[in-house]
Amino acid sequence: MTEVKPQAIRARGLERRFVSAGQPLEILRGVDLDVGASESVAIVGRSGGGKSTLLHLLGLLDRPDQGALHLEGLDVTRAPRGVRDRLRRDRIGFVFQFYHLLPELTALQNVLLAAMIGVSPFDWMARRKAEIGRAEALLDRVGLASRARHLPSRLSGGERQRVAIARALLRRPALLLCDEPTGNLDERTSAEIEELLLEIQRETKSAMVLVTHSLRLAGRLDRMLMLEGGRLKAVETGGIADAAVPQTMV
Ligand SMILES: Nc1ncnc2c1ncn2[C@@H]1O[C@H](COP(=O)(O)OP(=O)(O)OP(=O)(O)O)[C@@H](O)[C@H]1O
Ligand SMILES: [Mg+2]
């Protein structure tokens, strides 16, 4: 029997405001978003429009001022912190523009860290060998088998991002959140990382929400949405070359 997976994301009317230098900033003004299990969605939009703010809400790193958020069918809007921390750890994988690797840990240790969070020393001892095996297999999958014992400072930008992708996958997340994953890479390396991310999304059948300024990358996902005026709007990928997308975005 095929397993019916719950919808990865259902967001309704998400609002987020900040106060900056005494001025209220209404960044998100009612974001609605549905992402199916195994669906990939790109979010584009001008700089400062609130894309990262939205990913922080979806990734349970921040809470909305208004609105409701369901992840995998569970209402997480007002879930207690412990529940949100556990979901974030077990169900969500993050890939950021600047990798966020710990400089004093090797590639392998950076990946493994994701398995250690919230685990008692006793449980860790029992699982350690299996987790190391999985981390090594993931580093192999992202093409870094021979660099597992290298520190991030010894790796190129593209290689660091590969480590970050392996780390994001360690817990077998249902949802991958990527914030400009190729934003810091040259064109050729960007193309390689794009390919890897898309392959991995297909292989793992996880849902993906990916923020990018690259229309080429955005156009390869199942759907493209634009964050504009604090709301998400569908973008017809057929018409992406013309007026639908302001040039300031690229
Ligand atoms: N914690 C905060 N306090 C005050 N202002 C904030 C906070 N977080 C974000 N902002 C403001 O909200 C706006 C949206 O920021 P955000 O980082 O979400 O934009 P973005 O679309 O990701 O931009 P970029 O494409 O440059 O990454 C910006 O004006 C930013 O300064
Ligand atoms: Mg951003």
# chains A, B, ... in the order shown; residues from 1 in each chain; ligands from 1
call {"tool": "select_by_dssp", "arguments": {"residues": "range 20-250 of chain A", "states": "strand (DSSP E)", "output": "ChimeraX atom specification"}}
result
/A:20,23-35,40-44,66-71,74-75,92-95,175-179,207-211,223-228,231-235
call {"tool": "closest_atom_pairs", "arguments": {"of": "range 58-93 of chain A", "to": "range 104-120 of chain A", "cutoff": "10 Å", "atoms": "only C-alpha atoms", "output": "CSV"}}
result
residue,atom,partner,partner_atom,distance
A:Asp85,CA,A:Gly118,CA,9.3
A:Arg86,CA,A:Gly118,CA,8.3
A:Arg89,CA,A:Ala114,CA,7.6
A:Asp90,CA,A:Ala114,CA,9.1
A:Gly93,CA,A:Ala114,CA,9.6
call {"tool": "select_by_dssp", "arguments": {"residues": "range 75-148 of chain A", "states": "helix (DSSP H, G or I)", "output": "JSON, numbers by chain"}}
result
{"A": [81, 82, 83, 84, 85, 86, 87, 88, 89, 90, 91, 107, 108, 109, 110, 111, 112, 113, 114, 115, 116, 121, 122, 123, 124, 125, 126, 127, 128, 129, 130, 131, 132, 133, 134, 135, 136, 137, 138, 139, 140, 141, 145, 146, 147]}
call {"tool": "closest_atom_pairs", "arguments": {"of": "chain A", "to": "ligand 2", "cutoff": "9 Å", "atoms": "only C-alpha atoms and all ligand atoms", "output": "JSON lines"}}
result
{"residue": "A:Ser47", "atom": "CA", "partner": "ligand 2", "partner_atom_place_in_ligand_line": "1 (Mg)", "distance": 6.9}
{"residue": "A:Gly48", "atom": "CA", "partner": "ligand 2", "partner_atom_place_in_ligand_line": "1 (Mg)", "distance": 6.9}
{"residue": "A:Gly49", "atom": "CA", "partner": "ligand 2", "partner_atom_place_in_ligand_line": "1 (Mg)", "distance": 8.2}
{"residue": "A:Gly50", "atom": "CA", "partner": "ligand 2", "partner_atom_place_in_ligand_line": "1 (Mg)", "distance": 6.9}
{"residue": "A:Lys51", "atom": "CA", "partner": "ligand 2", "partner_atom_place_in_ligand_line": "1 (Mg)", "distance": 5.5}
{"residue": "A:Ser52", "atom": "CA", "partner": "ligand 2", "partner_atom_place_in_ligand_line": "1 (Mg)", "distance": 4.1}
{"residue": "A:Thr53", "atom": "CA", "partner": "ligand 2", "partner_atom_place_in_ligand_line": "1 (Mg)", "distance": 7.3}
{"residue": "A:Leu55", "atom": "CA", "partner": "ligand 2", "partner_atom_place_in_ligand_line": "1 (Mg)", "distance": 8.7}
{"residue": "A:Gln97", "atom": "CA", "partner": "ligand 2", "partner_atom_place_in_ligand_line": "1 (Mg)", "distance": 8.8}
{"residue": "A:Asp179", "atom": "CA", "partner": "ligand 2", "partner_atom_place_in_ligand_line": "1 (Mg)", "distance": 6.6}
{"residue": "A:Glu180", "atom": "CA", "partner": "ligand 2", "partner_atom_place_in_ligand_line": "1 (Mg)", "distance": 7.3}
{"residue": "A:Val211", "atom": "CA", "partner": "ligand 2", "partner_atom_place_in_ligand_line": "1 (Mg)", "distance": 7.7}
{"residue": "A:Thr212", "atom": "CA", "partner": "ligand 2", "partner_atom_place_in_ligand_line": "1 (Mg)", "distance": 8.6}
call {"tool": "residues_around", "arguments": {"residues": "range 158-164 of chain A", "least_positions_apart": "5", "cutoff": "6 Å", "atoms": "only C-alpha atoms", "output": "CSV table (one decimal) with all heavy atoms, in the first residue's frame"}}
result
chain,number,residue,atom,x,y,z
A,99,TYR,N,26.3,28.8,4.5
A,99,TYR,CA,26.6,27.5,5.0
A,99,TYR,C,26.4,27.2,6.5
A,99,TYR,O,26.0,26.2,6.9
A,99,TYR,CB,28.1,27.1,4.6
A,99,TYR,CG,28.6,27.7,3.3
A,99,TYR,CD1,29.7,28.5,3.3
A,99,TYR,CD2,27.9,27.6,2.1
A,99,TYR,CE1,30.2,29.1,2.2
A,99,TYR,CE2,28.3,28.2,1.0
A,99,TYR,CZ,29.5,28.9,1.0
A,99,TYR,OH,29.9,29.6,-0.1
A,142,VAL,N,27.0,13.5,-1.6
A,142,VAL,CA,27.2,14.9,-2.1
A,142,VAL,C,28.6,15.1,-2.7
A,142,VAL,O,29.0,16.2,-3.1
A,142,VAL,CB,27.0,16.0,-1.0
A,142,VAL,CG1,25.5,15.9,-0.5
A,142,VAL,CG2,28.0,15.9,0.1
A,189,THR,N,29.8,26.6,-10.1
A,189,THR,CA,29.5,25.9,-8.9
A,189,THR,C,28.0,26.0,-8.5
A,189,THR,O,27.4,25.0,-8.0
A,189,THR,CB,30.4,26.6,-7.7
A,189,THR,OG1,31.7,26.7,-8.2
A,189,THR,CG2,30.4,25.7,-6.5
call {"tool": "residues_near_ligand", "arguments": {"ligand": "ligand 1", "cutoff": "12 Å", "atoms": "only C-alpha atoms and all ligand atoms", "output": "PyMOL selection string"}}
result
chain A and resi 15-29+43-57+61-63+96-98+178-181+183-184+210-214+226-232+248-250
call {"tool": "closest_residue", "arguments": {"among": "A:Leu175, A:Ala42, A:Ala8, A:Leu58", "to": "Leu217 in chain A", "atoms": "only C-alpha atoms"}}
result
A:Ala42
